[in-house]
file coords38.cif (mmCIF, C-alpha atoms and all ligand atoms)
data_start
#
loop_
_atom_site.label_atom_id
_atom_site.label_comp_id
_atom_site.auth_asym_id
_atom_site.auth_seq_id
_atom_site.Cartn_x
_atom_site.Cartn_y
_atom_site.Cartn_z
CA MET A 1 -18.29 1.96 -16.88
CA PHE A 2 -15.34 -0.46 -17.06
CA ASP A 3 -14.63 -3.03 -19.71
CA GLU A 4 -14.22 -6.51 -18.17
CA SER A 5 -10.66 -6.65 -19.48
CA LEU A 6 -9.54 -3.35 -17.92
CA LEU A 7 -6.98 -5.09 -15.68
CA LYS A 8 -6.61 -8.29 -17.68
CA ASP A 9 -3.71 -10.43 -16.40
CA LYS A 10 -2.30 -7.65 -14.22
CA VAL A 11 -0.79 -9.19 -11.09
CA ILE A 12 -1.88 -7.03 -8.17
CA LEU A 13 -0.50 -7.34 -4.64
CA ILE A 14 -2.68 -5.83 -1.91
CA THR A 15 -1.44 -5.49 1.67
CA GLY A 16 -4.30 -5.83 4.13
CA GLY A 17 -6.18 -7.47 1.25
CA GLY A 18 -8.27 -9.84 3.37
CA THR A 19 -10.56 -7.27 4.99
CA GLY A 20 -12.38 -3.97 4.52
CA LEU A 21 -11.30 -1.69 1.71
CA GLY A 22 -8.42 -3.96 0.69
CA ARG A 23 -10.80 -6.83 0.11
CA ALA A 24 -13.30 -4.61 -1.73
CA MET A 25 -10.57 -3.44 -4.08
CA GLY A 26 -9.43 -7.02 -4.64
CA GLU A 27 -12.93 -8.19 -5.48
CA LYS A 28 -13.32 -5.36 -7.99
CA PHE A 29 -9.94 -6.02 -9.63
CA LEU A 30 -10.83 -9.71 -10.04
CA THR A 31 -13.99 -8.82 -11.94
CA LEU A 32 -11.80 -6.75 -14.27
CA GLY A 33 -9.47 -9.63 -15.14
CA ALA A 34 -6.66 -9.19 -12.59
CA LYS A 35 -4.72 -11.91 -10.78
CA LEU A 36 -4.61 -11.17 -7.09
CA ALA A 37 -2.16 -11.63 -4.23
CA ILE A 38 -3.27 -10.68 -0.73
CA THR A 39 -1.24 -10.41 2.43
CA SER A 40 -1.69 -9.50 6.11
CA ARG A 41 -0.74 -10.90 9.52
CA ARG A 42 -3.69 -13.24 10.14
CA GLU A 43 -3.40 -16.30 7.91
CA GLU A 44 -6.92 -17.52 8.80
CA VAL A 45 -8.40 -14.28 7.47
CA LEU A 46 -6.44 -14.64 4.22
CA VAL A 47 -7.44 -18.29 3.78
CA LYS A 48 -11.13 -17.43 4.15
CA ALA A 49 -10.94 -14.36 1.91
CA ALA A 50 -9.02 -16.21 -0.81
CA ALA A 51 -11.54 -19.07 -0.73
CA GLU A 52 -14.51 -16.68 -0.94
CA MET A 53 -13.01 -14.50 -3.66
CA GLY A 54 -11.32 -17.14 -5.79
CA HIS A 55 -14.22 -18.73 -7.66
CA ASP A 56 -15.20 -18.94 -11.35
CA GLY A 57 -11.58 -19.07 -12.49
CA LYS A 58 -10.56 -16.03 -10.45
CA GLU A 59 -7.04 -16.41 -9.11
CA VAL A 60 -6.21 -15.38 -5.54
CA PHE A 61 -2.86 -16.17 -3.95
CA TYR A 62 -2.21 -15.42 -0.29
CA HIS A 63 0.89 -15.26 1.85
CA SER A 64 0.83 -14.02 5.44
CA CYS A 65 3.27 -11.30 6.43
CA ASP A 66 3.72 -8.62 9.05
CA VAL A 67 4.71 -5.53 7.07
CA ARG A 68 6.59 -4.20 10.11
CA ASP A 69 9.22 -6.88 9.51
CA ALA A 70 11.37 -6.20 6.42
CA GLN A 71 12.48 -9.85 6.15
CA GLN A 72 8.87 -11.06 6.18
CA VAL A 73 8.09 -8.49 3.48
CA ALA A 74 10.98 -9.75 1.34
CA ASP A 75 9.82 -13.36 1.76
CA MET A 76 6.22 -12.44 0.94
CA VAL A 77 7.14 -10.52 -2.22
CA ALA A 78 9.40 -13.40 -3.32
CA ALA A 79 6.52 -15.85 -2.77
CA VAL A 80 4.17 -13.75 -4.92
CA GLU A 81 6.77 -13.50 -7.70
CA ASP A 82 7.44 -17.23 -7.51
CA HIS A 83 3.72 -17.90 -7.85
CA TYR A 84 2.83 -15.48 -10.65
CA GLY A 85 6.25 -14.79 -12.20
CA ARG A 86 5.90 -11.03 -11.67
CA ILE A 87 4.04 -8.22 -9.91
CA ASP A 88 2.50 -5.36 -11.90
CA VAL A 89 0.75 -3.33 -9.20
CA LEU A 90 1.38 -2.84 -5.49
CA ILE A 91 -1.42 -1.51 -3.30
CA ASN A 92 -0.16 -0.32 0.08
CA ASN A 93 -3.39 -0.59 2.05
CA ALA A 94 -2.43 -2.23 5.38
CA ALA A 95 -2.79 0.14 8.32
CA GLY A 96 -3.18 0.38 12.06
CA ASN A 97 -5.02 3.11 13.92
CA PHE A 98 -7.07 3.94 17.01
CA ALA A 99 -8.45 7.13 18.54
CA SER A 100 -6.77 8.38 21.69
CA PRO A 101 -5.73 11.62 23.33
CA THR A 102 -2.10 11.93 22.27
CA GLU A 103 -0.88 12.51 25.82
CA ASN A 104 -2.22 9.05 26.77
CA LEU A 105 -0.06 7.23 24.22
CA SER A 106 2.88 5.10 25.28
CA PRO A 107 5.95 4.87 23.01
CA ARG A 108 4.79 1.34 22.08
CA ALA A 109 1.41 2.69 21.02
CA VAL A 110 3.08 5.28 18.78
CA ASP A 111 5.33 2.59 17.30
CA ALA A 112 2.39 0.24 16.71
CA VAL A 113 0.87 2.68 14.23
CA LEU A 114 4.03 4.24 12.74
CA ASN A 115 5.59 0.84 12.16
CA ILE A 116 2.61 -0.52 10.24
CA VAL A 117 1.69 2.57 8.26
CA LEU A 118 4.98 4.33 7.54
CA HIS A 119 7.64 1.64 7.91
CA GLY A 120 5.45 -1.14 6.51
CA THR A 121 4.54 0.90 3.44
CA PHE A 122 8.18 1.86 2.97
CA TYR A 123 9.39 -1.75 3.24
CA THR A 124 6.92 -3.09 0.66
CA THR A 125 7.59 -0.15 -1.64
CA LEU A 126 11.33 -0.69 -1.40
CA GLU A 127 11.17 -4.46 -1.87
CA VAL A 128 8.87 -4.32 -4.89
CA GLY A 129 10.58 -1.21 -6.35
CA LYS A 130 14.08 -2.74 -6.18
CA ARG A 131 12.85 -5.83 -7.98
CA TRP A 132 11.11 -3.81 -10.71
CA ILE A 133 14.26 -1.74 -11.25
CA GLU A 134 16.47 -4.82 -11.39
CA GLN A 135 14.08 -6.59 -13.76
CA GLY A 136 13.78 -3.49 -15.98
CA ARG A 137 10.00 -3.57 -15.65
CA GLY A 138 7.76 -0.71 -14.67
CA GLY A 139 4.72 -0.85 -12.46
CA THR A 140 2.21 1.13 -10.46
CA MET A 141 2.10 1.73 -6.73
CA LEU A 142 -1.13 2.91 -5.12
CA ASN A 143 -0.97 4.08 -1.52
CA ILE A 144 -4.13 4.34 0.55
CA VAL A 145 -3.72 7.37 2.83
CA THR A 146 -6.44 9.49 4.51
CA SER A 147 -7.83 12.98 4.01
CA TYR A 148 -6.08 14.06 7.22
CA ALA A 149 -2.70 13.07 5.75
CA SER A 150 -2.75 16.62 4.36
CA THR A 151 -4.58 18.47 7.13
CA GLY A 152 -3.48 16.59 10.24
CA SER A 153 -6.06 15.55 12.86
CA GLY A 154 -6.20 15.45 16.61
CA PHE A 155 -6.79 12.15 18.41
CA VAL A 156 -5.28 10.03 15.59
CA VAL A 157 -1.90 11.71 15.61
CA PRO A 158 0.40 8.71 14.94
CA SER A 159 -1.82 7.82 11.99
CA ALA A 160 -1.84 11.41 10.71
CA ALA A 161 1.94 11.68 10.97
CA ALA A 162 2.49 8.28 9.32
CA LYS A 163 0.03 8.89 6.48
CA ALA A 164 1.61 12.30 5.84
CA GLY A 165 4.90 10.42 5.51
CA VAL A 166 3.34 8.01 3.04
CA LEU A 167 2.04 10.93 1.01
CA ALA A 168 5.55 12.42 0.93
CA LEU A 169 6.86 9.01 -0.14
CA THR A 170 4.30 8.93 -2.97
CA ARG A 171 5.23 12.37 -4.26
CA SER A 172 8.98 11.85 -3.85
CA LEU A 173 9.16 8.54 -5.72
CA ALA A 174 6.78 9.81 -8.39
CA VAL A 175 9.75 11.88 -9.53
CA GLU A 176 12.70 9.69 -8.61
CA TRP A 177 11.40 6.39 -9.97
CA ALA A 178 9.53 7.68 -13.02
CA ARG A 179 12.70 7.02 -15.03
CA TYR A 180 12.20 3.31 -14.29
CA GLY A 181 8.60 3.38 -15.51
CA ILE A 182 7.27 3.22 -11.95
CA ARG A 183 4.17 5.31 -11.35
CA GLN A 184 2.94 6.44 -7.92
CA VAL A 185 -0.62 7.38 -6.99
CA ALA A 186 -2.59 7.70 -3.77
CA ILE A 187 -6.20 7.72 -2.62
CA ALA A 188 -7.30 9.70 0.43
CA PRO A 189 -10.58 8.15 1.63
CA GLY A 190 -12.99 9.95 3.93
CA LEU A 191 -15.54 7.88 5.86
CA PHE A 192 -15.95 4.27 4.74
CA PRO A 193 -17.41 2.20 7.60
CA THR A 194 -15.38 -1.00 7.85
CA ASP A 195 -15.19 -3.25 10.90
CA GLY A 196 -11.48 -2.52 11.30
CA ALA A 197 -11.82 1.27 11.25
CA TRP A 198 -15.15 1.68 13.02
CA SER A 199 -14.30 -0.63 15.92
CA ARG A 200 -11.24 1.48 16.67
CA LEU A 201 -12.38 4.97 15.71
CA ALA A 202 -16.16 5.16 16.06
CA PRO A 203 -17.20 2.41 18.47
CA THR A 204 -20.41 4.18 19.66
CA PRO A 205 -23.47 5.40 17.67
CA GLU A 206 -22.80 8.95 18.97
CA LEU A 207 -19.27 9.03 17.57
CA SER A 208 -20.44 7.53 14.30
CA GLU A 209 -23.18 10.18 14.02
CA LYS A 210 -20.69 12.97 14.78
CA LEU A 211 -18.52 11.82 11.90
CA LEU A 212 -21.44 11.51 9.50
CA ASN A 213 -22.53 15.08 10.25
CA ARG A 214 -19.25 16.30 8.79
CA VAL A 215 -20.06 15.13 5.26
CA PRO A 216 -21.74 17.62 2.91
CA LEU A 217 -23.18 14.80 0.80
CA GLY A 218 -24.88 13.49 3.96
CA ARG A 219 -23.68 9.91 3.72
CA VAL A 220 -20.63 7.73 4.15
CA GLY A 221 -18.77 6.25 1.21
CA GLU A 222 -19.50 2.86 -0.31
CA LYS A 223 -16.58 0.48 -0.63
CA ASP A 224 -17.39 -0.06 -4.29
CA GLU A 225 -16.99 3.67 -4.97
CA LEU A 226 -13.45 3.54 -3.66
CA ALA A 227 -12.73 0.31 -5.53
CA ASN A 228 -13.85 1.92 -8.80
CA LEU A 229 -11.48 4.84 -8.28
CA ALA A 230 -8.64 2.45 -7.46
CA ALA A 231 -9.34 0.38 -10.58
CA TYR A 232 -9.13 3.47 -12.76
CA LEU A 233 -5.95 4.76 -11.10
CA ILE A 234 -4.03 1.52 -11.55
CA SER A 235 -5.30 0.98 -15.10
CA ASP A 236 -3.49 2.02 -18.27
CA PHE A 237 -6.09 4.78 -18.74
CA ALA A 238 -4.42 6.64 -15.86
CA ALA A 239 -0.91 6.17 -17.27
CA TYR A 240 -0.17 9.93 -17.17
CA ILE A 241 -1.29 10.43 -13.56
CA ASN A 242 1.82 10.34 -11.39
CA GLY A 243 2.34 11.60 -7.85
CA GLU A 244 -1.29 12.65 -7.38
CA VAL A 245 -3.52 11.95 -4.40
CA ILE A 246 -7.25 11.77 -5.12
CA THR A 247 -9.59 12.52 -2.22
CA ILE A 248 -12.86 10.55 -2.07
CA ASP A 249 -14.75 11.88 0.93
CA GLY A 250 -18.04 13.48 -0.18
CA GLY A 251 -16.51 16.92 0.43
CA GLU A 252 -15.80 16.23 4.11
CA TRP A 253 -12.42 17.88 4.55
CA LEU A 254 -13.51 20.97 2.64
CA GLN A 255 -16.50 21.40 4.93
CA GLY A 256 -14.14 21.55 7.88
CA ALA A 257 -11.80 23.91 6.03
CA GLY A 258 -14.23 26.62 4.83
CA GLN A 259 -14.41 29.38 7.43
CA PHE A 260 -18.15 30.06 6.98
CA ASN A 261 -19.33 26.51 6.38
CA ASP A 262 -20.98 26.31 9.81
CA LEU A 263 -23.61 28.67 8.38
CA LEU A 264 -25.15 25.47 7.01
CA GLU A 265 -26.91 25.38 10.39
CA VAL A 266 -28.69 28.73 9.76
CA THR A 267 -32.41 28.25 9.00
CA ASP A 268 -34.30 29.99 6.14
CA GLU A 269 -36.04 32.16 8.70
CA GLN A 270 -32.76 33.18 10.30
CA TRP A 271 -31.38 34.03 6.85
CA VAL A 272 -34.17 36.55 6.34
CA THR A 273 -33.22 38.31 9.56
CA LEU A 274 -29.53 38.02 8.80
CA ALA A 275 -30.03 39.49 5.34
CA GLU A 276 -31.71 42.54 6.88
CA MET A 277 -28.80 42.92 9.27
CA THR A 278 -26.01 42.38 6.77
CA ARG A 279 -27.35 44.34 3.75
CA LYS A 280 -25.03 47.29 3.23
CA GLY A 281 -23.45 46.47 6.57
CA LYS A 282 -26.44 47.71 8.61
CA SER A 283 -26.18 46.52 12.18
C1 LIG A 301 -4.31 3.68 23.61
C2 LIG A 301 -3.55 1.70 22.67
C3 LIG A 301 -4.81 1.48 22.08
C4 LIG A 301 -5.85 2.43 22.31
C5 LIG A 301 -3.51 -0.16 21.56
N1 LIG A 301 -2.79 0.66 22.32
N2 LIG A 301 -4.75 0.31 21.38
N3 LIG A 301 -3.30 2.78 23.42
N4 LIG A 301 -5.55 3.52 23.08
N5 LIG A 301 -7.06 2.28 21.77
C6 LIG A 301 -1.42 0.49 22.76
C7 LIG A 301 -1.25 -0.76 23.64
O1 LIG A 301 -1.62 -0.53 24.97
C8 LIG A 301 0.26 -1.03 23.47
O2 LIG A 301 1.03 -0.17 24.26
C9 LIG A 301 0.53 -0.62 22.04
O3 LIG A 301 -0.55 0.23 21.65
C10 LIG A 301 0.56 -1.79 21.09
O4 LIG A 301 -0.66 -2.53 21.26
P1 LIG A 301 -0.82 -4.02 20.74
O5 LIG A 301 -2.24 -4.40 20.91
O6 LIG A 301 0.23 -4.88 21.36
O7 LIG A 301 -0.41 -3.82 19.22
P2 LIG A 301 -0.62 -4.71 17.96
O8 LIG A 301 -1.09 -6.09 18.32
O9 LIG A 301 0.63 -4.58 17.18
O10 LIG A 301 -1.83 -4.02 17.18
C11 LIG A 301 -1.69 -2.84 16.45
C12 LIG A 301 -2.90 -1.90 16.62
C13 LIG A 301 -4.22 -2.66 16.40
C14 LIG A 301 -2.69 -0.74 15.67
C15 LIG A 301 -2.89 -1.38 18.07
O11 LIG A 301 -5.31 -1.79 16.55
C16 LIG A 301 -4.28 -3.29 15.03
O12 LIG A 301 -3.81 -4.43 14.84
N6 LIG A 301 -4.83 -2.61 14.00
C17 LIG A 301 -4.90 -3.10 12.62
C18 LIG A 301 -6.18 -2.76 11.92
C19 LIG A 301 -6.61 -1.29 12.00
O13 LIG A 301 -6.15 -0.57 12.89
N7 LIG A 301 -7.54 -0.90 11.13
C20 LIG A 301 -8.07 0.46 11.10
C21 LIG A 301 -7.47 1.22 9.99
S1 LIG A 301 -8.40 2.68 9.77
P3 LIG A 301 1.64 -0.59 25.73
O14 LIG A 301 2.58 0.52 26.04
O15 LIG A 301 0.43 -0.65 26.63
O16 LIG A 301 2.31 -1.91 25.54
C22 LIG A 301 -7.37 3.94 9.32
C23 LIG A 301 -7.91 5.28 8.86
C24 LIG A 301 -9.28 5.51 9.30
O17 LIG A 301 -6.23 3.82 9.31
C25 LIG A 301 -9.87 6.87 9.06
C26 LIG A 301 -11.34 6.66 9.26
C27 LIG A 301 -12.14 7.80 9.22
P1 LIG A 302 -9.05 -2.77 8.05
O1 LIG A 302 -10.08 -3.69 7.51
O2 LIG A 302 -8.73 -2.85 9.48
O3 LIG A 302 -7.74 -2.95 7.19
C1 LIG A 302 -6.44 -2.95 7.68
C2 LIG A 302 -5.72 -4.16 7.13
O4 LIG A 302 -4.33 -4.05 7.40
C3 LIG A 302 -6.20 -5.48 7.74
O5 LIG A 302 -6.47 -6.39 6.72
C4 LIG A 302 -5.00 -5.95 8.56
O6 LIG A 302 -4.94 -7.37 8.54
C5 LIG A 302 -3.85 -5.31 7.82
N1 LIG A 302 -2.70 -5.09 8.69
C6 LIG A 302 -2.67 -4.39 9.84
N2 LIG A 302 -1.45 -4.44 10.39
C7 LIG A 302 -0.69 -5.18 9.54
C8 LIG A 302 0.66 -5.58 9.56
N3 LIG A 302 1.47 -5.26 10.56
N4 LIG A 302 1.12 -6.34 8.54
C9 LIG A 302 0.30 -6.69 7.53
N5 LIG A 302 -0.98 -6.33 7.45
C10 LIG A 302 -1.47 -5.58 8.45
O7 LIG A 302 -9.47 -1.27 7.78
P2 LIG A 302 -9.90 -0.49 6.45
O8 LIG A 302 -10.87 0.53 6.87
O9 LIG A 302 -10.26 -1.43 5.37
O10 LIG A 302 -8.55 0.27 6.07
C11 LIG A 302 -7.89 0.05 4.83
C12 LIG A 302 -7.07 1.26 4.46
O11 LIG A 302 -7.92 2.37 4.25
C13 LIG A 302 -6.07 1.69 5.52
O12 LIG A 302 -4.89 2.14 4.90
C14 LIG A 302 -6.75 2.85 6.20
O13 LIG A 302 -5.85 3.73 6.80
C15 LIG A 302 -7.44 3.47 4.99
N6 LIG A 302 -8.54 4.36 5.33
C16 LIG A 302 -9.74 3.83 5.73
C17 LIG A 302 -10.78 4.68 5.99
C18 LIG A 302 -12.13 4.18 6.39
O14 LIG A 302 -13.03 5.00 6.59
N7 LIG A 302 -12.34 2.88 6.49
C19 LIG A 302 -10.60 6.07 5.88
C20 LIG A 302 -9.37 6.56 5.51
C21 LIG A 302 -8.34 5.69 5.20
P3 LIG A 302 -4.29 -8.23 9.74
O15 LIG A 302 -4.89 -7.76 11.01
O16 LIG A 302 -4.61 -9.64 9.38
O17 LIG A 302 -2.81 -7.98 9.68
#
call {"tool": "encode", "arguments": {"input": "coords38.cif", "output": "structure tokens"}}
result
Amino acid sequence: MFDESLLKDKVILITGGGTGLGRAMGEKFLTLGAKLAITSRREEVLVKAAAEMGHDGKEVFYHSCDVRDAQQVADMVAAVEDHYGRIDVLINNAAGNFASPTENLSPRAVDAVLNIVLHGTFYTTLEVGKRWIEQGRGGTMLNIVTSYASTGSGFVVPSAAAKAGVLALTRSLAVEWARYGIRQVAIAPGLFPTDGAWSRLAPTPELSEKLLNRVPLGRVGEKDELANLAAYLISDFAAYINGEVITIDGGEWLQGAGQFNDLLEVTDEQWVTLAEMTRKGKS
């Protein structure tokens, strides 16, 4: 579907770019001509990812950084600019999450997630945005949220609250920073089994199965499907999309939302009986 030069020479910075969905997006962008910068806390993960991704003339720069620390973010962004001379696209993908009854959370547990997801995203957005404004150059910011950023969800409440904040950030800056040529978009993924997410949210086969049963399309997402959407959204073909969040979840959140969707469990035989009962309201 994509021309190999779709993202030619675009410098793309991905937080959390060494693992999971961040890495999948990076690999896709490289095949489309981009120059990549990846960041996260664990340098050894970045070293390995950069070595594995950066072959056949593909350029991958890494710089470790904890996005919870604004000074580390400033140093990381400066290092990427020093290396490539500029940044064209920022992907806020780094996140922290785990499933827990909310009443069991300590204040430190709440902070652990809010500081990565909301504060971290804000710090990188601010650092890169200020530079773009000062340099008089536009750019695109893509924030990876979740489908429950809009609906909320029990048992992942710090994540839900933080991602809702990121969505508000996306929509707010879409208006405020459009005058600087800065475009904001977001992706709300449904279920994409990655080691990072599944080890913290669906560590047993039963939990994994429970999640899968929520998806009308009957399967989880493939990383490449998300990477394709991301590639389109940051490309010049999406230049008029600003402030939108695109859900990619196989219809999952809608299945939970529709009042009568549990009737999917009714068998053909039961429908015959039900039709007799419900025709003209006969009881
Ligand atoms: C209750 C927990 C906990 C758990 C940690 N804590 N895990 N509390 N249940 N499962 C508490 C700790 O006890 C501690 O509080 C506090 O949280 C901080 O824990 P640390 O381990 O010191 O934190 P830190 O090293 O900063 O690690 C952050 C983290 C960790 C978020 C806890 O999981 C992490 O590094 N995650 C990064 C990767 C990630 O989460 N990927 C998944 C993204 S998936 P006390 O008070 O005891 O000191 C996603 C959307 C998925 O976001 C949607 C899928 C469908
Ligand atoms: P993942 O592999 O665990 O990705 C999280 C990344 O964030 C890791 O690379 C991690 O690297 C980095 N990170 C965490 N804390 C950081 C910090 N303080 N500073 C810098 N980097 C940090 O999980 P994933 O599934 O690919 O998740 C990627 C994104 O997709 C997240 O935004 C997540 O919320 C979103 N999402 C995923 C799913 C899904 O089904 N997988 C669904 C909805 C939304 P380090 O540990 O090295 O720092």
call {"tool": "residues_near_ligand", "arguments": {"input": "coords38.cif", "ligand": "ligand LIG 301 (chain A)", "cutoff": "9 Å", "atoms": "only C-alpha atoms and all ligand atoms", "output": "PyMOL selection string"}}
result
chain A and resi 16+20+41+93-102+104-117+145-148+156+159-160+163+189-202+211
call {"tool": "closest_residue", "arguments": {"input": "coords38.cif", "among": "A:Glu43, A:Glu225, A:Glu103, A:Glu127", "to": "A:Val73", "atoms": "all atoms listed in the file"}}
result
A:Glu127
call {"tool": "residues_near_point", "arguments": {"input": "coords38.cif", "point": "(-18.3, -4.3, -17.0)", "cutoff": "12 Å", "atoms": "only C-alpha atoms", "output": "list in words"}}
result
Met1, Phe2, Asp3, Glu4, Ser5, Leu6, Leu7, Lys28, Phe29, Leu30, Thr31, Leu32, Gly33, Asn228 and Ala231 of chain A
call {"tool": "atom_distance", "arguments": {"input": "coords38.cif", "atom1": "atom CA of A:Ala149", "atom2": "atom CA of A:Pro203"}}
result
22.0 Å
call {"tool": "closest_residue", "arguments": {"input": "coords38.cif", "among": "A:Phe61, A:Trp253, A:Trp271, A:Phe260", "to": "ligand LIG 302 (chain A)", "atoms": "only C-alpha atoms and all ligand atoms"}}
result
A:Trp253
call {"tool": "axis_aligned_box", "arguments": {"input": "coords38.cif", "around": "ligand LIG 302 (chain A)", "padding_each_side": "4 Å", "output": "JSON"}}
result
{"center_x": -5.8, "center_y": -1.5, "center_z": 7.6, "size_x": 22.5, "size_y": 24.2, "size_z": 14.8}
call {"tool": "closest_residue", "arguments": {"input": "coords38.cif", "among": "A:Glu52, A:Asp88, A:Asp75, A:Asp249", "to": "ligand LIG 302 (chain A)", "atoms": "all atoms listed in the file"}}
result
A:Asp249
call {"tool": "residues_around", "arguments": {"input": "coords38.cif", "residues": "A:Glu59", "least_positions_apart": "3", "cutoff": "7 Å", "atoms": "only C-alpha atoms", "output": "list in words"}}
result
Lys35, Leu36 and Gly54 of chain A
call {"tool": "closest_residue", "arguments": {"input": "coords38.cif", "among": "A:Gly256, A:Gly221, A:Gly250, A:Gly26", "to": "ligand LIG 302 (chain A)", "atoms": "all atoms listed in the file"}}
result
A:Gly221
call {"tool": "closest_residue", "arguments": {"input": "coords38.cif", "among": "A:Gly165, A:Pro205, A:Gly154, A:Gly138", "to": "A:Arg179", "atoms": "only C-alpha atoms"}}
result
A:Gly138
call {"tool": "atom_distance", "arguments": {"input": "coords38.cif", "atom1": "atom CA of A:Val128", "atom2": "atom C11 of ligand LIG 302 (chain A)"}}
result
19.9 Å
call {"tool": "closest_residue", "arguments": {"input": "coords38.cif", "among": "A:Val157, A:Ala37, A:Leu264, A:Val272", "to": "A:Asp82", "atoms": "only C-alpha atoms"}}
result
A:Ala37
call {"tool": "atom_distance", "arguments": {"input": "coords38.cif", "atom1": "atom O10 of ligand LIG 302 (chain A)", "atom2": "atom CA of A:Glu176"}}
result
27.5 Å
call {"tool": "residues_around", "arguments": {"input": "coords38.cif", "residues": "A:Leu90", "least_positions_apart": "3", "cutoff": "6 Å", "atoms": "all atoms listed in the file", "output": "VMD selection string"}}
result
chain A and resid 12 to 13 141
call {"tool": "residues_near_point", "arguments": {"input": "coords38.cif", "point": "(-5.8, 12.9, -4.4)", "cutoff": "12 Å", "atoms": "all atoms listed in the file", "output": "PyMOL selection string"}}
result
chain A and resi 142-150+167+170-171+184-190+229-230+233+241-249
call {"tool": "residues_around", "arguments": {"input": "coords38.cif", "residues": "A:Trp132", "least_positions_apart": "6", "cutoff": "12 Å", "atoms": "only C-alpha atoms", "output": "tab-separated table (two decimals) with C-alpha atoms, keeping the file's coordinate frame"}}
result
chain	number	residue	atom	x	y	z
A	77	VAL	CA	7.14	-10.52	-2.22
A	81	GLU	CA	6.77	-13.50	-7.70
A	86	ARG	CA	5.90	-11.03	-11.67
A	87	ILE	CA	4.04	-8.22	-9.91
A	88	ASP	CA	2.50	-5.36	-11.90
A	89	VAL	CA	0.75	-3.33	-9.20
A	90	LEU	CA	1.38	-2.84	-5.49
A	125	THR	CA	7.59	-0.15	-1.64
A	126	LEU	CA	11.33	-0.69	-1.40
A	138	GLY	CA	7.76	-0.71	-14.67
A	139	GLY	CA	4.72	-0.85	-12.46
A	140	THR	CA	2.21	1.13	-10.46
A	141	MET	CA	2.10	1.73	-6.73
A	177	TRP	CA	11.40	6.39	-9.97
A	178	ALA	CA	9.53	7.68	-13.02
A	179	ARG	CA	12.70	7.02	-15.03
A	180	TYR	CA	12.20	3.31	-14.29
A	181	GLY	CA	8.60	3.38	-15.51
A	182	ILE	CA	7.27	3.22	-11.95
A	183	ARG	CA	4.17	5.31	-11.35
call {"tool": "decode", "arguments": {"input": "coords38.cif", "residues": "stretch 140-149 of chain A", "atoms": "N, CA, C and O atoms", "output": "CSV table (one decimal), in the first residue's frame"}}
result
chain,number,residue,atom,x,y,z
A,140,THR,N,4.9,16.8,13.5
A,140,THR,CA,3.8,16.0,13.9
A,140,THR,C,4.0,15.2,15.2
A,140,THR,O,5.1,14.6,15.4
A,141,MET,N,3.0,15.2,16.1
A,141,MET,CA,3.1,14.5,17.3
A,141,MET,C,2.0,13.4,17.3
A,141,MET,O,0.9,13.7,17.1
A,142,LEU,N,2.5,12.2,17.5
A,142,LEU,CA,1.5,11.0,17.6
A,142,LEU,C,1.6,10.5,19.0
A,142,LEU,O,2.6,10.0,19.4
A,143,ASN,N,0.4,10.5,19.7
A,143,ASN,CA,0.4,9.9,21.0
A,143,ASN,C,-0.4,8.6,21.0
A,143,ASN,O,-1.5,8.5,20.5
A,144,ILE,N,0.3,7.6,21.6
A,144,ILE,CA,-0.4,6.3,21.7
A,144,ILE,C,-1.2,6.2,23.0
A,144,ILE,O,-0.6,6.3,24.1
A,145,VAL,N,-2.5,6.2,22.9
A,145,VAL,CA,-3.3,6.1,24.1
A,145,VAL,C,-3.9,4.7,24.3
A,145,VAL,O,-3.2,3.7,24.0
A,146,THR,N,-5.1,4.6,24.7
A,146,THR,CA,-5.8,3.3,24.7
A,146,THR,C,-7.3,3.5,24.5
A,146,THR,O,-7.7,4.7,24.6
A,147,SER,N,-8.0,2.5,24.1
A,147,SER,CA,-9.4,2.7,23.9
A,147,SER,C,-10.1,3.1,25.2
A,147,SER,O,-11.1,3.9,25.2
A,148,TYR,N,-9.6,2.7,26.4
A,148,TYR,CA,-10.3,3.1,27.6
A,148,TYR,C,-9.8,4.5,28.0
A,148,TYR,O,-10.2,5.0,29.1
A,149,ALA,N,-9.1,5.2,27.2
A,149,ALA,CA,-8.8,6.7,27.5
A,149,ALA,C,-10.1,7.4,27.4
A,149,ALA,O,-10.3,8.4,28.1
